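J.: Sharing a structure, written as structure tokens. Questions coming.
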Amino acid sequence: MENTNKPQQNKFGNWLKTSIAARMLMVGFLVIILLIPLSFINSLITERAYRQSDVVNEINEKWGENVLVYGPFLKIPYKTYTETKTYNEKTKTFFKEIETHVKHAYIFPETLNADVNVDSKTLKRGNFESAVFTTTMNFSGHYIPTDLNSKGIKTEDILWDKATILLKTSNLKGIKSEMLLKLNKNTYTFQTNFNDNASKNNDYLDVLESGFINAADLSSKNNAQFSLSMSFNGSKQIELIPIGKTTTMHMASNWADPSFIGNYLPNDETKKITKTDFNADWKVLHINRAFSQQHLNKIPNLNKFAFGTKFMVMVDEYQKSERSAKYGFLVIGLTFLIFFLIQTLSKINIHPFQYLMIGLALIMFYTLLVSISEHSNFLKAYLIAGSSVILLITLYSKSILKTLKFPVFIGLSLSALYAFIYIIIQLENYALLVGSIGLFLILTIVMYVSRKIDWNNG
């Protein structure tokens with residue numbers, strides 16, 4: 001009996017070696033297979049990024065977190081009266097009883113001026129680092145003579161001798177020096193005051209309260225001028241709540257990448273950002289925000305009106321590595337396409353195992369990039385990882401293709417591809433535009449080169 005399996009096997013093997021369709025299917029299958037280790041690389045980058053985030057949060061928690069200042073404002077107690085009537089059965093008359101209660105009014109300043117100087121630096125923990133700062137905030141302004149008649153409170157019911165000044169902040173731990181407030185000619189210190197209503201009001205701010213204010217400073221007909229200096233260790237951001245009827249803030253820092261946050265932006269005409277520092281000015285009028293200068297019974301939660309600056313790292317090493325890994329599919333696909341076109345046009349046979357080795361070498365680029373960038377800057381890590389992989393693939397392709405011109409072309413193509421991806425991940429506003437143009441040019445080149453292929457040989 002004649003064996004027909006051998007001719008069929010030879011025919012199938014010959015089809016795999018000579019058919020363009022078979023090679024395309026094989027290359028596509030290998031690209032899909034290589035997406036598995038590529039996904040593991042993405043998971044590794046995410047894990048290292050989470051680790052960095054944990055370390056940064058730990059550093060920031062010990063050094064000092066975000067700075068938000070709410071104040072200073074007056075806390076003035078006043079008397080209110082409740083009248084109750086009790087009927088006496090024996091005398092058949094009503095007995096009146098008046099009960100006195102003490103409540104508080106909170107008075108915001110007429111003007112609030114803040115001069116903020118920020119000195120930023122980097123703290124390291126192992127391979128990770130965090131950007132922190134030390135800030136000095138100098139406040140000045142004045143209160144106008146307090147009149148609560150419009151609130152239905154008589155002047156004689158105000159307890160001037162029990163008035164205090166309150167200040168709220170998010171970063172009690174980061175305060176570096178004793179805080180002294182000068183009101184007219186008198187100086188007052190602050191003590192912490194536990195805010196047991198903070199959780200009810202969704203307010204995370206701690207309260208500082210002065211001793212009793214000299215009554216003459218508040219009840220006089222003259223404005224009460226005040227000044228206050230605060231020093232913080234902090235991180236992430238600095239914000240101020242504009243409680244002055246007119247609030248101004250000037251901020252200067254050696255930070256090169258500020259992000260202005262909150263309800264109010266700085267003045268564009270005076271704002272200045274350079275490669276080494278920035279200066280910014282804000283001015284907020286009472287007409288620009290929806291709250292008054294006087295509040296009764298409770299301190300309003302005005303955190304949503306805060307404005308200031310976020311001290312942000314535009315793109316850190318792990319973000320860059322993650323963005324680079326997102327182009328892994330593109331790198332593998334285009335590299336395989338180059339080898340496929342060379343194989344098809346030159347009739348040089350390339351085994352699937354050799355494609356697999358080339359794909360694994362491309363994936364090794366990302367492990368090298370992440371590991372080296374933890375000990376150096378991203379540019380150096382990218383150059384070392386890219387050069388290593390390009391050299392490895394170029395030398396390996398020389399042994400496969402048995403010529404010099406094709407490996408040189410592959411090395412130059414990979415160099416251009418990695419340079420193109422590096423440019424894209426450095427860009428913020430133009431990444432999509434540059435990427436789209438680059439992909440269009442790549443497609444144009446592929447269409448031009450592939451026009452000579454006899455696609456009927458399937």
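Letters A, B, ... mark the chains of the structure tokens in the order given; residue numbers begin at 1 per chain; ligand numbers begin at 1, in order shown.
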Could you give me, as a ChimeraX atom specification, each residue of segment 189-403 of chain A that DSSP assigns to strand (DSSP E) when run on this structure's backbone?
T.: /A:189-193,206-210,224-235,237-240,246-253,258-262,272-273,278-285,294-296,307-311
J.: For the residues selected in the previous step, produce a file with C-alpha atoms as a PDB file, in the first residue's frame.
T.:
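Just written: part.pdb:
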```pdb
ATOM      1  CA  THR A 189       0.236  83.187  70.593  1.00  0.00           C
ATOM      2  CA  PHE A 190      -1.813  80.237  69.363  1.00  0.00           C
ATOM      3  CA  GLN A 191      -2.793  76.952  70.960  1.00  0.00           C
ATOM      4  CA  THR A 192      -4.307  73.919  69.286  1.00  0.00           C
ATOM      5  CA  ASN A 193      -8.035  73.553  69.736  1.00  0.00           C
ATOM      6  CA  ASP A 206      -7.070  71.514  62.531  1.00  0.00           C
ATOM      7  CA  VAL A 207      -7.927  74.585  64.605  1.00  0.00           C
ATOM      8  CA  LEU A 208      -5.494  76.981  66.272  1.00  0.00           C
ATOM      9  CA  GLU A 209      -6.885  79.571  68.696  1.00  0.00           C
ATOM     10  CA  SER A 210      -5.289  82.574  70.361  1.00  0.00           C
ATOM     11  CA  ALA A 224      -7.359  96.588  63.706  1.00  0.00           C
ATOM     12  CA  GLN A 225      -4.161  95.884  61.780  1.00  0.00           C
ATOM     13  CA  PHE A 226      -2.683  92.396  62.051  1.00  0.00           C
ATOM     14  CA  SER A 227       0.376  90.498  60.827  1.00  0.00           C
ATOM     15  CA  LEU A 228       1.306  86.837  61.129  1.00  0.00           C
ATOM     16  CA  SER A 229       4.162  84.635  59.954  1.00  0.00           C
ATOM     17  CA  MET A 230       3.964  80.858  59.506  1.00  0.00           C
ATOM     18  CA  SER A 231       6.609  78.325  58.432  1.00  0.00           C
ATOM     19  CA  PHE A 232       5.696  74.870  57.160  1.00  0.00           C
ATOM     20  CA  ASN A 233       7.354  71.714  55.965  1.00  0.00           C
ATOM     21  CA  GLY A 234       5.004  70.426  53.312  1.00  0.00           C
ATOM     22  CA  SER A 235       4.485  68.597  50.035  1.00  0.00           C
ATOM     23  CA  GLN A 237       0.387  71.739  47.215  1.00  0.00           C
ATOM     24  CA  ILE A 238      -0.178  75.091  48.954  1.00  0.00           C
ATOM     25  CA  GLU A 239      -3.632  76.647  49.084  1.00  0.00           C
ATOM     26  CA  LEU A 240      -5.297  79.658  50.683  1.00  0.00           C
ATOM     27  CA  THR A 246     -10.023  91.703  49.266  1.00  0.00           C
ATOM     28  CA  THR A 247      -7.526  88.843  49.241  1.00  0.00           C
ATOM     29  CA  THR A 248      -4.133  88.978  47.533  1.00  0.00           C
ATOM     30  CA  MET A 249      -1.371  86.402  47.418  1.00  0.00           C
ATOM     31  CA  HIS A 250       2.116  86.516  45.953  1.00  0.00           C
ATOM     32  CA  MET A 251       3.972  83.209  45.620  1.00  0.00           C
ATOM     33  CA  ALA A 252       7.610  82.714  44.622  1.00  0.00           C
ATOM     34  CA  SER A 253       9.401  79.376  44.409  1.00  0.00           C
ATOM     35  CA  PRO A 258       3.846  74.582  38.958  1.00  0.00           C
ATOM     36  CA  SER A 259       0.219  73.695  38.375  1.00  0.00           C
ATOM     37  CA  PHE A 260      -2.182  76.421  39.498  1.00  0.00           C
ATOM     38  CA  ILE A 261      -5.238  74.903  41.121  1.00  0.00           C
ATOM     39  CA  GLY A 262      -8.488  75.936  42.756  1.00  0.00           C
ATOM     40  CA  LYS A 272       6.373  84.288  35.314  1.00  0.00           C
ATOM     41  CA  ILE A 273       7.524  80.676  34.904  1.00  0.00           C
ATOM     42  CA  PHE A 278       8.169  80.835  39.121  1.00  0.00           C
ATOM     43  CA  ASN A 279       6.372  83.897  40.473  1.00  0.00           C
ATOM     44  CA  ALA A 280       2.600  84.340  40.580  1.00  0.00           C
ATOM     45  CA  ASP A 281       0.072  86.837  41.968  1.00  0.00           C
ATOM     46  CA  TRP A 282      -3.589  86.378  42.829  1.00  0.00           C
ATOM     47  CA  LYS A 283      -6.283  88.917  43.709  1.00  0.00           C
ATOM     48  CA  VAL A 284      -9.752  87.800  44.805  1.00  0.00           C
ATOM     49  CA  LEU A 285     -12.554  90.276  45.570  1.00  0.00           C
ATOM     50  CA  GLN A 294     -19.822  87.483  58.996  1.00  0.00           C
ATOM     51  CA  HIS A 295     -21.091  84.071  60.106  1.00  0.00           C
ATOM     52  CA  LEU A 296     -23.030  83.059  63.203  1.00  0.00           C
ATOM     53  CA  PHE A 307      -6.772  78.397  45.443  1.00  0.00           C
ATOM     54  CA  GLY A 308      -3.030  77.978  45.112  1.00  0.00           C
ATOM     55  CA  THR A 309      -0.312  75.888  43.504  1.00  0.00           C
ATOM     56  CA  LYS A 310       0.324  72.190  43.095  1.00  0.00           C
ATOM     57  CA  PHE A 311       3.989  71.268  43.068  1.00  0.00           C
TER      58      PHE A 311
END
```
J.: For Ile342 of chain A, find every residue with an atom within 8 Å (counting only C-alpha atoms), except residues of its own chain fewer than 5 positions away, and show them as an MDAnalysis selection string.
T.: chainID A and resid 347:348 406
J.: Any chance you can output those residues with N, CA and C atoms as an mmCIF file, in the first residue's frame?
T.:
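File written: part-v6.cif
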```cif
data_model
loop_
_atom_site.group_PDB
_atom_site.id
_atom_site.type_symbol
_atom_site.label_atom_id
_atom_site.label_comp_id
_atom_site.auth_asym_id
_atom_site.auth_seq_id
_atom_site.Cartn_x
_atom_site.Cartn_y
_atom_site.Cartn_z
ATOM 1 N N LYS A 347 14.057 36.492 -0.284
ATOM 2 C CA LYS A 347 13.894 35.033 -0.310
ATOM 3 C C LYS A 347 14.778 34.337 0.727
ATOM 4 N N ILE A 348 15.183 35.054 1.802
ATOM 5 C CA ILE A 348 15.960 34.462 2.886
ATOM 6 C C ILE A 348 15.000 33.837 3.889
ATOM 7 N N PHE A 406 21.394 44.298 5.354
ATOM 8 C CA PHE A 406 20.111 44.142 6.037
ATOM 9 C C PHE A 406 20.221 44.368 7.553
#
```
J.: With only C-alpha atoms as the atoms that count, which of A:Leu74, A:Leu433, A:Ile45, A:Val27 lies nearest to Ile338 of chain A?
T.: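 For Ile338 of chain A, the nearest of the given residues is A:Val27.
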J.: Write down as a VMD selection string the residues of segment 167-335 of chain A whose backbone DSSP state falls under alpha helix (DSSP H).
T.: chain A and resid 215 to 219 317 to 325 328 to 335
J.: Closest to Lys236 of chain A among A:Leu362, A:Ile372, A:Ala215, A:Leu68, using only C-alpha atoms?
T.: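 Selected residue with least distance to Lys236 of chain A: A:Leu68.
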J.: Could you pull the residues within 9 Å of segment 356-358 of chain A, counting only C-alpha atoms, minus those fewer than 2 positions along the same chain, as a list in words?
T.: Leu30, Val31, Leu34, Ile332, Thr335, Phe336, His351, Pro352, Phe353, Gln354, Leu360, Ala361, Leu362, Ile363, Leu392, Ile393, Tyr396 and Ser397 of chain A
J.: What is the distance, in Å and to one decimal place, between atom CA of Trp63 of chain A and atom CA of Ser130 of chain A?
T.: 10.3 Å
J.: What does the distance from atom CA of Leu25 of chain A to atom CA of Phe340 of chain A come to in Å, to one decimal?
T.: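 Distance reported for this atom pair: 11.1 Å.
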J.: State, in Å with one decimal place, the distance from atom CA of Gly64 of chain A to atom CA of Asn171 of chain A.
T.: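 Distance reported for this atom pair: 6.6 Å.
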J.: Would you list the contacts of Leu330 of chain A as a list in words, taking every protein, DNA or RNA residue within 12 Å and counting only C-alpha atoms, but skipping same-chain residues closer than 2 positions in sequence?
T.: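 The contact residues come out as Val31, Ile32, Leu34, Leu35, Leu38, Ser324, Ala325, Lys326, Tyr327, Gly328, Ile332, Gly333, Leu334, Thr335, Phe336, Leu337, Gly359, Leu362, Ile363, Leu414, Leu417, Tyr418, Phe420, Ile421, Gly435, Gly438, Leu439 and Ile442 of chain A.
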J.: List as a PyMOL selection string the protein and nucleic acid residues near segment 375-384 of chain A, meaning an atom at most 12 Å away when only C-alpha atoms are counted, but skip any in the same chain fewer than 6 places from it.
T.: chain A and resi 124-129+315-322+324-325+365-369+390-391+415+418-419+421-423+425-426
J.: Hey, can you spit out that residue selection with C-alpha atoms as a PDB file, in the first residue's frame?
T.:
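This is the output file part-v3.pdb:
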```
ATOM      1  CA  LYS A 124      15.271  60.053  48.800  1.00  0.00           C
ATOM      2  CA  ARG A 125      14.394  56.671  50.286  1.00  0.00           C
ATOM      3  CA  GLY A 126      16.321  53.852  48.603  1.00  0.00           C
ATOM      4  CA  ASN A 127      15.654  54.044  44.868  1.00  0.00           C
ATOM      5  CA  PHE A 128      12.679  56.359  45.303  1.00  0.00           C
ATOM      6  CA  GLU A 129      12.439  60.094  45.832  1.00  0.00           C
ATOM      7  CA  VAL A 315       6.006  62.922  34.089  1.00  0.00           C
ATOM      8  CA  ASP A 316       7.979  60.720  36.490  1.00  0.00           C
ATOM      9  CA  GLU A 317      10.159  57.739  35.560  1.00  0.00           C
ATOM     10  CA  TYR A 318       7.459  55.098  35.971  1.00  0.00           C
ATOM     11  CA  GLN A 319       4.930  57.137  34.013  1.00  0.00           C
ATOM     12  CA  LYS A 320       7.460  57.392  31.191  1.00  0.00           C
ATOM     13  CA  SER A 321       8.212  53.667  31.357  1.00  0.00           C
ATOM     14  CA  GLU A 322       4.495  52.874  31.343  1.00  0.00           C
ATOM     15  CA  SER A 324       6.872  53.548  26.586  1.00  0.00           C
ATOM     16  CA  ALA A 325       5.532  50.025  27.256  1.00  0.00           C
ATOM     17  CA  PHE A 365      14.151  46.460  26.588  1.00  0.00           C
ATOM     18  CA  TYR A 366      11.389  47.345  29.058  1.00  0.00           C
ATOM     19  CA  THR A 367      12.810  45.327  31.967  1.00  0.00           C
ATOM     20  CA  LEU A 368      16.183  46.972  31.393  1.00  0.00           C
ATOM     21  CA  LEU A 369      14.511  50.394  31.155  1.00  0.00           C
ATOM     22  CA  ILE A 390      19.463  47.320  19.085  1.00  0.00           C
ATOM     23  CA  LEU A 391      23.025  45.962  19.160  1.00  0.00           C
ATOM     24  CA  SER A 415      17.183  53.364  16.350  1.00  0.00           C
ATOM     25  CA  TYR A 418      13.043  54.076  19.607  1.00  0.00           C
ATOM     26  CA  ALA A 419      13.974  57.740  19.058  1.00  0.00           C
ATOM     27  CA  ILE A 421       8.866  56.762  20.765  1.00  0.00           C
ATOM     28  CA  TYR A 422      11.146  58.695  23.145  1.00  0.00           C
ATOM     29  CA  ILE A 423      10.073  61.979  21.561  1.00  0.00           C
ATOM     30  CA  ILE A 425       6.591  60.126  25.594  1.00  0.00           C
ATOM     31  CA  GLN A 426       8.359  63.428  26.360  1.00  0.00           C
TER      32      GLN A 426
END
```
J.: Taking only C-alpha atoms into account, which of A:Gln293, A:Ser43, A:Asn214, A:Ser399 comes nearest Tyr106 of chain A?
T.: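 Distance minimum relative to Tyr106 of chain A lands on A:Gln293.
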